[in-house]
>>> print(open('data.cif').read())   # mmCIF, C-alpha atoms
data_run
loop_
_atom_site.label_atom_id
_atom_site.label_comp_id
_atom_site.auth_asym_id
_atom_site.auth_seq_id
_atom_site.Cartn_x
_atom_site.Cartn_y
_atom_site.Cartn_z
CA MET A 1 -5.21 24.64 -13.75
CA PRO A 2 -4.77 26.56 -10.52
CA TRP A 3 -5.36 23.46 -8.38
CA LEU A 4 -2.03 22.07 -9.48
CA ASN A 5 -0.51 24.67 -7.19
CA ASN A 6 -1.39 22.55 -4.17
CA SER A 7 -0.23 25.21 -1.69
CA SER A 8 -1.04 25.38 1.97
CA VAL A 9 -2.15 28.99 1.51
CA LEU A 10 -4.85 27.99 -0.98
CA LYS A 11 -6.03 25.18 1.27
CA ALA A 12 -6.17 27.51 4.27
CA GLN A 13 -8.09 30.11 2.27
CA ILE A 14 -10.69 27.56 1.17
CA ILE A 15 -11.10 26.19 4.68
CA ASN A 16 -11.42 29.72 6.07
CA GLU A 17 -14.19 30.50 3.55
CA HIS A 18 -15.92 27.25 4.45
CA LEU A 19 -15.78 27.98 8.17
CA SER A 20 -16.68 31.68 8.01
CA ASP A 21 -19.44 31.59 5.37
CA GLY A 22 -20.54 27.96 5.61
CA THR A 23 -19.88 27.63 1.88
CA SER A 24 -20.19 24.08 0.58
CA GLY A 25 -17.32 22.18 -0.98
CA ALA A 26 -19.00 22.16 -4.38
CA GLU A 27 -19.48 25.93 -4.33
CA LEU A 28 -15.90 26.50 -3.18
CA ALA A 29 -14.65 24.28 -5.96
CA ARG A 30 -16.66 26.24 -8.51
CA ASN A 31 -15.50 29.61 -7.16
CA HIS A 32 -11.81 28.64 -7.19
CA GLN A 33 -11.99 26.54 -10.36
CA LEU A 34 -10.87 23.41 -8.52
CA PRO A 35 -12.02 19.79 -8.72
CA LYS A 36 -14.88 19.24 -6.28
CA ARG A 37 -13.35 15.99 -5.08
CA GLN A 38 -10.08 17.72 -4.14
CA VAL A 39 -11.83 20.49 -2.16
CA ASN A 40 -14.01 17.97 -0.35
CA ARG A 41 -10.92 15.92 0.51
CA TRP A 42 -9.27 19.00 2.03
CA LEU A 43 -12.39 19.80 4.04
CA GLN A 44 -12.66 16.21 5.25
CA GLN A 45 -9.00 16.15 6.28
CA TYR A 46 -9.46 19.40 8.15
CA HIS A 47 -12.53 18.16 10.01
CA LEU A 48 -10.83 14.90 10.97
CA ASN A 49 -7.39 16.13 12.02
CA GLY A 50 -7.27 19.91 11.99
CA ILE A 51 -5.25 22.35 9.91
CA GLU A 52 -1.95 20.49 10.45
CA THR A 53 -2.98 17.76 8.00
CA LEU A 54 -3.21 20.19 5.10
CA LYS A 55 0.40 21.32 5.09
CA ARG A 56 2.66 20.28 2.24
CA TYR A 57 5.67 18.17 3.02
CA LYS A 58 8.95 19.30 1.53
CA THR A 59 10.51 15.87 1.80
CA ARG A 60 9.12 12.47 1.12
CA ARG A 61 7.60 10.98 4.24
CA LYS A 62 8.73 7.53 5.31
CA PHE A 63 6.40 5.21 7.19
CA SER A 64 7.49 2.28 9.31
CA ALA A 65 6.19 -1.21 8.62
CA GLU A 66 4.44 -1.16 12.01
CA PHE A 67 2.55 2.03 11.08
CA LYS A 68 1.51 0.60 7.71
CA TRP A 69 0.38 -2.63 9.38
CA TYR A 70 -1.61 -0.68 11.96
CA VAL A 71 -3.36 1.44 9.31
CA ILE A 72 -4.20 -1.61 7.17
CA ASN A 73 -5.47 -3.48 10.21
CA TYR A 74 -7.59 -0.50 11.27
CA TYR A 75 -9.10 -0.23 7.77
CA GLN A 76 -9.96 -3.92 7.66
CA THR A 77 -11.45 -4.12 11.16
CA HIS A 78 -13.49 -0.90 11.23
CA ASP A 79 -16.49 0.05 9.18
CA GLU A 80 -14.95 3.18 7.65
CA SER A 81 -14.19 4.08 4.07
CA LEU A 82 -10.67 4.20 2.71
CA ALA A 83 -10.89 8.00 2.49
CA GLU A 84 -11.93 8.29 6.14
CA VAL A 85 -9.08 6.09 7.33
CA ALA A 86 -6.64 8.00 5.11
CA GLY A 87 -7.84 11.28 6.58
CA LYS A 88 -7.59 9.95 10.11
CA TYR A 89 -3.95 8.88 9.68
CA ASN A 90 -2.97 11.74 7.32
CA VAL A 91 -1.94 9.52 4.42
CA LEU A 92 -3.30 9.16 0.91
CA ALA A 93 -6.03 6.59 0.30
CA CYS A 94 -4.05 5.19 -2.63
CA GLN A 95 -1.09 4.59 -0.28
CA ILE A 96 -3.23 2.43 2.00
CA SER A 97 -4.53 0.53 -1.00
CA VAL A 98 -1.01 -0.14 -2.31
CA TRP A 99 0.23 -1.17 1.16
CA ARG A 100 -2.71 -3.56 1.53
CA LYS A 101 -2.15 -5.16 -1.88
CA THR A 102 1.58 -5.66 -1.27
CA LEU A 103 0.86 -7.10 2.17
CA ILE A 104 -1.57 -9.62 0.71
CA ARG A 105 0.72 -10.49 -2.20
CA ASP A 106 4.16 -10.51 -0.54
CA GLY A 107 3.60 -10.61 3.23
CA TYR A 108 4.66 -8.36 6.10
CA SER A 109 8.25 -7.97 4.90
CA SER A 110 7.00 -6.06 1.85
CA LEU A 111 5.91 -3.23 4.16
CA GLU A 112 9.51 -2.57 5.22
CA PRO A 113 11.15 0.50 3.65
CA HIS A 114 13.15 -0.34 0.55
CA PRO A 115 16.35 1.28 -0.72
CA LYS A 116 15.75 4.07 -3.19
CA GLY A 117 16.63 3.72 -6.86
CA ARG A 118 17.25 0.80 -9.13
CA SER A 119 19.38 -2.13 -8.19
CA THR A 120 22.60 -2.40 -10.10
CA LYS A 121 22.68 -4.96 -12.85
CA THR A 122 25.80 -7.01 -13.32
CA LYS A 123 26.82 -8.08 -16.77
CA ARG A 124 26.75 -11.83 -17.10
CA SER A 125 28.10 -14.03 -19.82
CA LYS A 126 25.87 -16.51 -21.65
CA LYS A 127 27.56 -19.32 -19.74
CA GLN A 128 26.71 -17.71 -16.39
CA ILE A 129 23.12 -17.15 -17.51
CA ARG A 130 22.75 -20.81 -18.50
CA GLN A 131 24.17 -21.91 -15.15
CA LEU A 132 21.70 -19.70 -13.31
CA GLU A 133 18.82 -21.05 -15.38
CA LYS A 134 19.93 -24.62 -14.64
CA GLN A 135 20.19 -23.85 -10.92
CA SER A 136 16.72 -22.31 -10.83
CA GLU A 137 15.34 -25.32 -12.74
CA ILE A 138 17.00 -27.68 -10.26
CA GLU A 139 15.51 -25.73 -7.34
CA ARG A 140 12.06 -25.84 -8.93
CA LEU A 141 12.31 -29.59 -9.46
CA ARG A 142 13.50 -30.11 -5.88
CA SER A 143 10.52 -28.20 -4.52
CA GLU A 144 8.17 -30.22 -6.76
CA ILE A 145 9.69 -33.48 -5.47
CA ALA A 146 9.35 -32.31 -1.88
CA GLN A 147 5.70 -31.42 -2.49
CA LYS A 148 4.98 -34.80 -4.12
CA ASN A 149 6.71 -36.60 -1.25
CA GLN A 150 4.57 -34.71 1.24
CA GLU A 151 1.40 -35.58 -0.70
CA PHE A 152 2.48 -39.23 -0.84
CA TYR A 153 3.18 -39.27 2.89
CA ASP A 154 -0.21 -37.69 3.65
CA THR A 155 -2.02 -40.23 1.45
CA LYS A 156 -0.15 -43.13 3.04
CA LEU A 157 -0.98 -41.81 6.51
CA GLU A 158 -4.67 -41.53 5.62
CA ASN A 159 -4.67 -45.10 4.27
CA ASP A 160 -3.03 -46.40 7.46
CA ILE A 161 -5.63 -44.60 9.58
CA LEU A 162 -8.48 -46.04 7.49
CA LYS A 163 -7.01 -49.59 7.73
CA ASN A 164 -6.75 -49.38 11.52
CA GLN A 165 -10.39 -48.37 11.93
#
>>> encode(input="data.cif", output="structure tokens")
Amino acid sequence: MPWLNNSSVLKAQIINEHLSDGTSGAELARNHQLPKRQVNRWLQQYHLNGIETLKRYKTRRKFSAEFKWYVINYYQTHDESLAEVAGKYNVLACQISVWRKTLIRDGYSSLEPHPKGRSTKTKRSKKQIRQLEKQSEIERLRSEIAQKNQEFYDTKLENDILKNQ
């Protein structure tokens, strides 16, 4: 599979053929034995942001939470496809999708960069594990009690309002 060699030279060659001959993405894909979707993505990226968007990055790019938030917000407020937004901001469409899902699930703080690698696990004895389980159970019960108290207070307040009317 020659397309696995995702080199900037190959991308530039394909874009040059497209610009000089007017060759379509499907025909270019066939001629170079590449997936049509990949070639069309390269052409779209080129048309949106120029040749600079097609270069390969030697290191992993890091995006700030503000940038991720801005891209997600742009996608949700404009009538453009995920691929178009990804091309406009020079990121992968799947990245935007993942950022959006984590934002919805875990909030803005999930967009912050995280430390690389696995967190270290500390060995705990069975006694420590039981204590942690008890503590988490106690916290869960406390939150349930607080929720029930709030519901009770709301109901009592509604009853008082209805009595006064």
>>> resolve_selection(input="data.cif", expression="the PyMOL selection byres ((chain A and resi 111) around 12)", output="MDAnalysis selection string")
chainID A and resid 62:72 95:96 98:110 112:114
>>> atom_distance(input="data.cif", atom1="CA of Ile14 (chain A)", atom2="CA of Ala26 (chain A)")
11.4 Å
>>> atom_distance(input="data.cif", atom1="CA of His78 (chain A)", atom2="CA of Gln38 (chain A)")
24.4 Å
>>> closest_residue(input="data.cif", among="A:Pro35, A:Gly50, A:Gly117, A:Gly22", to="Asn90 (chain A)", atoms="only C-alpha atoms")
A:Gly50
>>> axis_aligned_box(input="data.cif", around="region 19-36 of chain A", padding_each_side="6 Å", output="AutoDock Vina command-line options")
--center_x -15.7 --center_y 25.5 --center_z -1.1 --size_x 21.7 --size_y 24.4 --size_z 30.5
>>> residues_around(input="data.cif", residues="Glu27 (chain A)", least_positions_apart="6", cutoff="12 Å", atoms="only C-alpha atoms", output="compact mmCIF listing (two decimals) with C-alpha atoms, in the frame of the given file")
# COMPACT_ATOMS: atom_id res chain seq x y z
CA ILE A 14 -10.69 27.56 1.17
CA GLU A 17 -14.19 30.50 3.55
CA HIS A 18 -15.92 27.25 4.45
CA ASP A 21 -19.44 31.59 5.37
CA GLN A 33 -11.99 26.54 -10.36
CA LEU A 34 -10.87 23.41 -8.52
CA PRO A 35 -12.02 19.79 -8.72
CA LYS A 36 -14.88 19.24 -6.28
CA ARG A 37 -13.35 15.99 -5.08
CA VAL A 39 -11.83 20.49 -2.16
CA ASN A 40 -14.01 17.97 -0.35
>>> atom_distance(input="data.cif", atom1="CA of Trp42 (chain A)", atom2="CA of Ala12 (chain A)")
9.3 Å
>>> closest_residue(input="data.cif", among="A:Ala146, A:Gln128, A:Ser7, A:Gln44", to="Ala83 (chain A)", atoms="only C-alpha atoms")
A:Gln44
>>> closest_residue(input="data.cif", among="A:Glu80, A:Leu43, A:Tyr153, A:Val91", to="Asn16 (chain A)", atoms="all atoms listed in the file")
A:Leu43
>>> closest_residue(input="data.cif", among="A:Leu157, A:Leu141, A:Ala93, A:Leu19", to="Arg41 (chain A)", atoms="all atoms listed in the file")
A:Ala93
>>> resolve_selection(input="data.cif", expression="the PyMOL selection byres ((chain A and resi 82) around 10)", output="PDB file with C-alpha atoms, keeping the file's coordinate frame")
ATOM      1  CA  ILE A  72      -4.200  -1.610   7.170  1.00  0.00           C
ATOM      2  CA  TYR A  75      -9.100  -0.230   7.770  1.00  0.00           C
ATOM      3  CA  GLN A  76      -9.960  -3.920   7.660  1.00  0.00           C
ATOM      4  CA  ASP A  79     -16.490   0.050   9.180  1.00  0.00           C
ATOM      5  CA  GLU A  80     -14.950   3.180   7.650  1.00  0.00           C
ATOM      6  CA  SER A  81     -14.190   4.080   4.070  1.00  0.00           C
ATOM      7  CA  ALA A  83     -10.890   8.000   2.490  1.00  0.00           C
ATOM      8  CA  GLU A  84     -11.930   8.290   6.140  1.00  0.00           C
ATOM      9  CA  VAL A  85      -9.080   6.090   7.330  1.00  0.00           C
ATOM     10  CA  ALA A  86      -6.640   8.000   5.110  1.00  0.00           C
ATOM     11  CA  GLY A  87      -7.840  11.280   6.580  1.00  0.00           C
ATOM     12  CA  LYS A  88      -7.590   9.950  10.110  1.00  0.00           C
ATOM     13  CA  LEU A  92      -3.300   9.160   0.910  1.00  0.00           C
ATOM     14  CA  ALA A  93      -6.030   6.590   0.300  1.00  0.00           C
ATOM     15  CA  CYS A  94      -4.050   5.190  -2.630  1.00  0.00           C
ATOM     16  CA  ILE A  96      -3.230   2.430   2.000  1.00  0.00           C
ATOM     17  CA  SER A  97      -4.530   0.530  -1.000  1.00  0.00           C
TER      18      SER A  97
END
